[in-house]
Amino acid sequence: MKKAMALFLAILIICTLPVSSFAASYVLRLESEGEPVIALQLALSQLGYLKPKYITGYYGELTEDAVKDFQEDRDFSVDGVAGPSTLKSLLGNDYKEFFDLAASRSSSSSSSSSSNEEEIVQAEVKVSSNGELSGALVMGVTDDLVNLIQERLKTYGFLSIDATTNYFGEMTEDAVIAFQKANGLTSDGIVGNKTFQMLLSSDAVSKSQAGTSSSVSNSSSSSSSAGGYINMVSGTSSNATINGIIDLAKAQLGKPYKYNTRGTETFDCSGLVYYCYKNYGYSIPSSSAAQSQYEDGTKIKSISDLRLGDIICFNTGNSHVAINHTGLYIGNGQFIHSSSSAKAVIISNISSGFYEDAFRWAIRIID
C-alpha cells in the first residue's frame, strides 16, 4: 500500500513539475536530480527514513544517508547508491517507469523548444516585485537564490565560507537557524518570506549584536538526565562546564542510535555532541562535517594533545566527506559517541586500531 501511495504521489508531482534533463540509467546516486529522485524520496519518507521537507528532487547527503539506513535494514550492500535492487524494494517492479517518464518528457520538451535551452532546467524560486518568494527554500535544494541567502548570512556574521554556492546544505541551515533565533523568528531553518525579508533588511540583528544571548540555550531548568540540565551562566569555571558536558553525555549511555536525531531519547553521532554542548549554552553545528570545521573552535591535530570535552573527528571510511563521525573525549584514551554499528551511545577506546586510524583531528570548544 505504501509503495502504491508513493507511486501515485510521485506521478502527480512529476506531471506538475517543469522538466529536468535526466539520463534514464536506472541508478540514482549523490548529486542526481529530477523526477526519479522525488519518487525515491517520497518512498523513503513514507517509510520513515527521510523527513517530508527534504523531498526536493536533489540527491544530497541526507538522501544518501537515508538510502544507506534503508539498505542496512534490508541487509543490502550499504553504499548509498540506489541501484536496481534498492529501487525495486522501494518502488516496486515498475520502478523504471519513473526514469522512462522523465526521459520521455525531457525529450518531448527538448524537441519542441530546442531554441531555448534554459527552459529545460530545474524549477527556481522566484522573487516578486514586493519581495515575496514563490516558495520556501529548505536544506537539500539547489537554487541560484541560495547564493544571495548565503551572502546575507555572511554579511551578518552567521556563516563563514570562502565562496557562496547554490546548494542549501547543513551549514547554511545552521546559519539560518542562528539568524532566526537572533531576530525573533521561528527557528526552523527554512527560508520563507519572513526570514528572507529580514535577511534583506538593514535592521536585522547581526551575530555580533546578538552577543552571547543568541547562543544561550532555552532548555528546561530541571535536572533530569533527559535534557533538563541547567545551562551554565557566566562566572562558572571552564572545568565545571566541561565536566557537566561529559556527565550529561554519560547520562545518555545505552540510548539508541537513530540517524538525524539530537535527543532526548535517540541520537546520531553529531546529534549527541550537539545536544550536550547546547545544554551548556554553546550553539555549535549539528552535523559532523560542520562540527569538524567549527570556526570558534581550535583544531587539535594529535591524539596525544586531547583534553576533556574535545570533539573528536573521524573518517570511518566509505564516505565522500572528510569527516563523517564525531564523539566527545572523556579522558584516559576514551571517548563517548553514538555508534551506528553498535546502534547505541557507547564508550570506546580511541587507541584501538580502528579509531586510531580513523582519527583526523579534534575541535576544542572550551579552553
# chains A, B, ... in the order shown; residues from 1 in each chain; ligands from 1

call {"tool": "residues_around", "arguments": {"residues": "Ala344 in chain A", "least_positions_apart": "5", "cutoff": "6 Å", "atoms": "only C-alpha atoms", "output": "list of chain:residue names"}}
result
A:Gly254, A:Lys255, A:Pro256, A:Tyr257, A:Ser338, A:Ser339

call {"tool": "write_last_selection", "arguments": {"atoms": "all heavy atoms", "output": "PDB file, in the first residue's frame"}}
result
ATOM      1  N   GLY A 254      23.699   4.005  26.345  1.00  0.00           N
ATOM      2  CA  GLY A 254      22.710   2.963  26.089  1.00  0.00           C
ATOM      3  C   GLY A 254      21.515   3.413  25.290  1.00  0.00           C
ATOM      4  O   GLY A 254      20.744   2.563  24.796  1.00  0.00           O
ATOM      5  N   LYS A 255      21.332   4.725  25.129  1.00  0.00           N
ATOM      6  CA  LYS A 255      20.190   5.193  24.341  1.00  0.00           C
ATOM      7  C   LYS A 255      20.424   4.864  22.866  1.00  0.00           C
ATOM      8  O   LYS A 255      21.554   4.873  22.389  1.00  0.00           O
ATOM      9  CB  LYS A 255      19.966   6.694  24.545  1.00  0.00           C
ATOM     10  CG  LYS A 255      19.425   7.022  25.934  1.00  0.00           C
ATOM     11  CD  LYS A 255      19.028   8.474  26.073  1.00  0.00           C
ATOM     12  CE  LYS A 255      18.404   8.745  27.435  1.00  0.00           C
ATOM     13  NZ  LYS A 255      17.999  10.150  27.598  1.00  0.00           N
ATOM     14  N   PRO A 256      19.362   4.593  22.127  1.00  0.00           N
ATOM     15  CA  PRO A 256      19.513   4.100  20.749  1.00  0.00           C
ATOM     16  C   PRO A 256      20.099   5.125  19.793  1.00  0.00           C
ATOM     17  O   PRO A 256      19.849   6.331  19.921  1.00  0.00           O
ATOM     18  CB  PRO A 256      18.076   3.748  20.334  1.00  0.00           C
ATOM     19  CG  PRO A 256      17.306   3.647  21.604  1.00  0.00           C
ATOM     20  CD  PRO A 256      17.952   4.597  22.553  1.00  0.00           C
ATOM     21  N   TYR A 257      20.872   4.606  18.841  1.00  0.00           N
ATOM     22  CA  TYR A 257      21.325   5.418  17.705  1.00  0.00           C
ATOM     23  C   TYR A 257      20.172   5.547  16.714  1.00  0.00           C
ATOM     24  O   TYR A 257      19.511   4.571  16.384  1.00  0.00           O
ATOM     25  CB  TYR A 257      22.511   4.760  16.998  1.00  0.00           C
ATOM     26  CG  TYR A 257      22.886   5.443  15.691  1.00  0.00           C
ATOM     27  CD1 TYR A 257      23.841   6.448  15.662  1.00  0.00           C
ATOM     28  CD2 TYR A 257      22.255   5.085  14.492  1.00  0.00           C
ATOM     29  CE1 TYR A 257      24.173   7.085  14.473  1.00  0.00           C
ATOM     30  CE2 TYR A 257      22.578   5.726  13.306  1.00  0.00           C
ATOM     31  CZ  TYR A 257      23.538   6.725  13.292  1.00  0.00           C
ATOM     32  OH  TYR A 257      23.854   7.349  12.121  1.00  0.00           O
ATOM     33  N   SER A 338      27.675   8.195  19.792  1.00  0.00           N
ATOM     34  CA  SER A 338      26.527   7.405  19.368  1.00  0.00           C
ATOM     35  C   SER A 338      26.950   6.642  18.128  1.00  0.00           C
ATOM     36  O   SER A 338      27.207   7.228  17.074  1.00  0.00           O
ATOM     37  CB  SER A 338      25.325   8.310  19.073  1.00  0.00           C
ATOM     38  OG  SER A 338      24.185   7.532  18.787  1.00  0.00           O
ATOM     39  N   SER A 339      27.025   5.332  18.260  1.00  0.00           N
ATOM     40  CA  SER A 339      27.606   4.476  17.224  1.00  0.00           C
ATOM     41  C   SER A 339      26.526   3.840  16.356  1.00  0.00           C
ATOM     42  O   SER A 339      25.620   3.182  16.875  1.00  0.00           O
ATOM     43  CB  SER A 339      28.457   3.386  17.876  1.00  0.00           C
ATOM     44  OG  SER A 339      28.794   2.378  16.957  1.00  0.00           O
TER      45      SER A 339
END

call {"tool": "atom_distance", "arguments": {"atom1": "CA of Tyr329 in chain A", "atom2": "CA of Asp65 in chain A"}}
result
25.3 Å

call {"tool": "residues_around", "arguments": {"residues": "Asn183 in chain A", "least_positions_apart": "4", "cutoff": "12 Å", "atoms": "only C-alpha atoms", "output": "count of residues only"}}
result
23

call {"tool": "atom_distance", "arguments": {"atom1": "CA of Glu35 in chain A", "atom2": "CA of Phe99 in chain A"}}
result
7.8 Å

call {"tool": "closest_residue", "arguments": {"among": "A:Asn193, A:Gly92, A:Leu62, A:Thr326", "to": "Lys126 in chain A", "atoms": "only C-alpha atoms"}}
result
A:Asn193

call {"tool": "residues_around", "arguments": {"residues": "Leu159 in chain A", "least_positions_apart": "5", "cutoff": "9 Å", "atoms": "only C-alpha atoms", "output": "PyMOL selection string"}}
result
chain A and resi 150-154+171-172+174-176

call {"tool": "write_last_selection", "arguments": {"atoms": "all heavy atoms", "output": "short mmCIF file (atom, residue, chain, number, x, y, z; two decimals), in the first residue's frame"}}
result
data_model
loop_
_atom_site.label_atom_id
_atom_site.label_comp_id
_atom_site.auth_asym_id
_atom_site.auth_seq_id
_atom_site.Cartn_x
_atom_site.Cartn_y
_atom_site.Cartn_z
N GLN A 150 23.16 33.05 1.31
CA GLN A 150 24.46 32.83 1.94
C GLN A 150 25.25 34.13 2.08
O GLN A 150 25.91 34.37 3.09
CB GLN A 150 25.25 31.79 1.16
CG GLN A 150 24.68 30.39 1.25
CD GLN A 150 25.44 29.39 0.40
OE1 GLN A 150 26.22 29.75 -0.47
NE2 GLN A 150 25.19 28.11 0.64
N GLU A 151 25.18 34.99 1.06
CA GLU A 151 25.86 36.29 1.13
C GLU A 151 25.34 37.12 2.30
O GLU A 151 26.12 37.74 3.04
CB GLU A 151 25.67 37.06 -0.18
CG GLU A 151 26.57 36.61 -1.31
CD GLU A 151 28.04 36.97 -1.07
OE1 GLU A 151 28.35 37.69 -0.11
OE2 GLU A 151 28.89 36.50 -1.86
N ARG A 152 24.02 37.13 2.48
CA ARG A 152 23.44 37.92 3.58
C ARG A 152 23.80 37.31 4.94
O ARG A 152 24.08 38.04 5.90
CB ARG A 152 21.91 38.00 3.42
CG ARG A 152 21.45 38.67 2.13
CD ARG A 152 22.01 40.08 2.01
NE ARG A 152 21.49 40.97 3.05
CZ ARG A 152 21.96 42.19 3.28
NH1 ARG A 152 22.97 42.66 2.57
NH2 ARG A 152 21.41 42.94 4.22
N LEU A 153 23.82 35.99 5.01
CA LEU A 153 24.23 35.33 6.25
C LEU A 153 25.68 35.63 6.57
O LEU A 153 26.05 35.81 7.74
CB LEU A 153 24.00 33.82 6.14
CG LEU A 153 22.54 33.35 6.13
CD1 LEU A 153 22.46 31.88 5.74
CD2 LEU A 153 21.89 33.56 7.51
N LYS A 154 26.53 35.70 5.55
CA LYS A 154 27.93 36.07 5.75
C LYS A 154 28.04 37.52 6.23
O LYS A 154 28.81 37.83 7.14
CB LYS A 154 28.72 35.89 4.45
CG LYS A 154 29.00 34.45 4.06
CD LYS A 154 29.72 34.36 2.73
CE LYS A 154 31.10 35.00 2.79
NZ LYS A 154 31.83 34.85 1.52
N MET A 171 25.34 23.46 6.76
CA MET A 171 25.96 24.67 7.31
C MET A 171 25.06 25.89 7.07
O MET A 171 24.93 26.74 7.95
CB MET A 171 27.33 24.89 6.68
CG MET A 171 28.38 23.87 7.09
SD MET A 171 30.02 24.22 6.40
CE MET A 171 30.45 25.70 7.31
N THR A 172 24.43 25.94 5.90
CA THR A 172 23.50 27.04 5.62
C THR A 172 22.29 26.95 6.54
O THR A 172 21.83 27.96 7.09
CB THR A 172 23.06 27.01 4.15
OG1 THR A 172 24.21 27.08 3.31
CG2 THR A 172 22.14 28.19 3.84
N ASP A 174 22.12 25.61 9.55
CA ASP A 174 22.53 26.00 10.90
C ASP A 174 22.65 27.52 11.00
O ASP A 174 22.27 28.12 12.02
CB ASP A 174 23.85 25.34 11.27
CG ASP A 174 23.72 23.84 11.51
OD1 ASP A 174 22.61 23.39 11.82
OD2 ASP A 174 24.73 23.13 11.39
N ALA A 175 23.19 28.15 9.95
CA ALA A 175 23.33 29.60 9.95
C ALA A 175 21.97 30.28 9.92
O ALA A 175 21.75 31.30 10.60
CB ALA A 175 24.18 30.05 8.76
N VAL A 176 21.04 29.73 9.15
CA VAL A 176 19.68 30.29 9.09
C VAL A 176 19.01 30.19 10.46
O VAL A 176 18.37 31.14 10.92
CB VAL A 176 18.84 29.55 8.03
CG1 VAL A 176 17.36 29.95 8.14
CG2 VAL A 176 19.34 29.89 6.63
#

call {"tool": "closest_residue", "arguments": {"among": "A:Met139, A:Asp296, A:Leu248, A:Asp69", "to": "Asp188 in chain A", "atoms": "only C-alpha atoms"}}
result
A:Met139
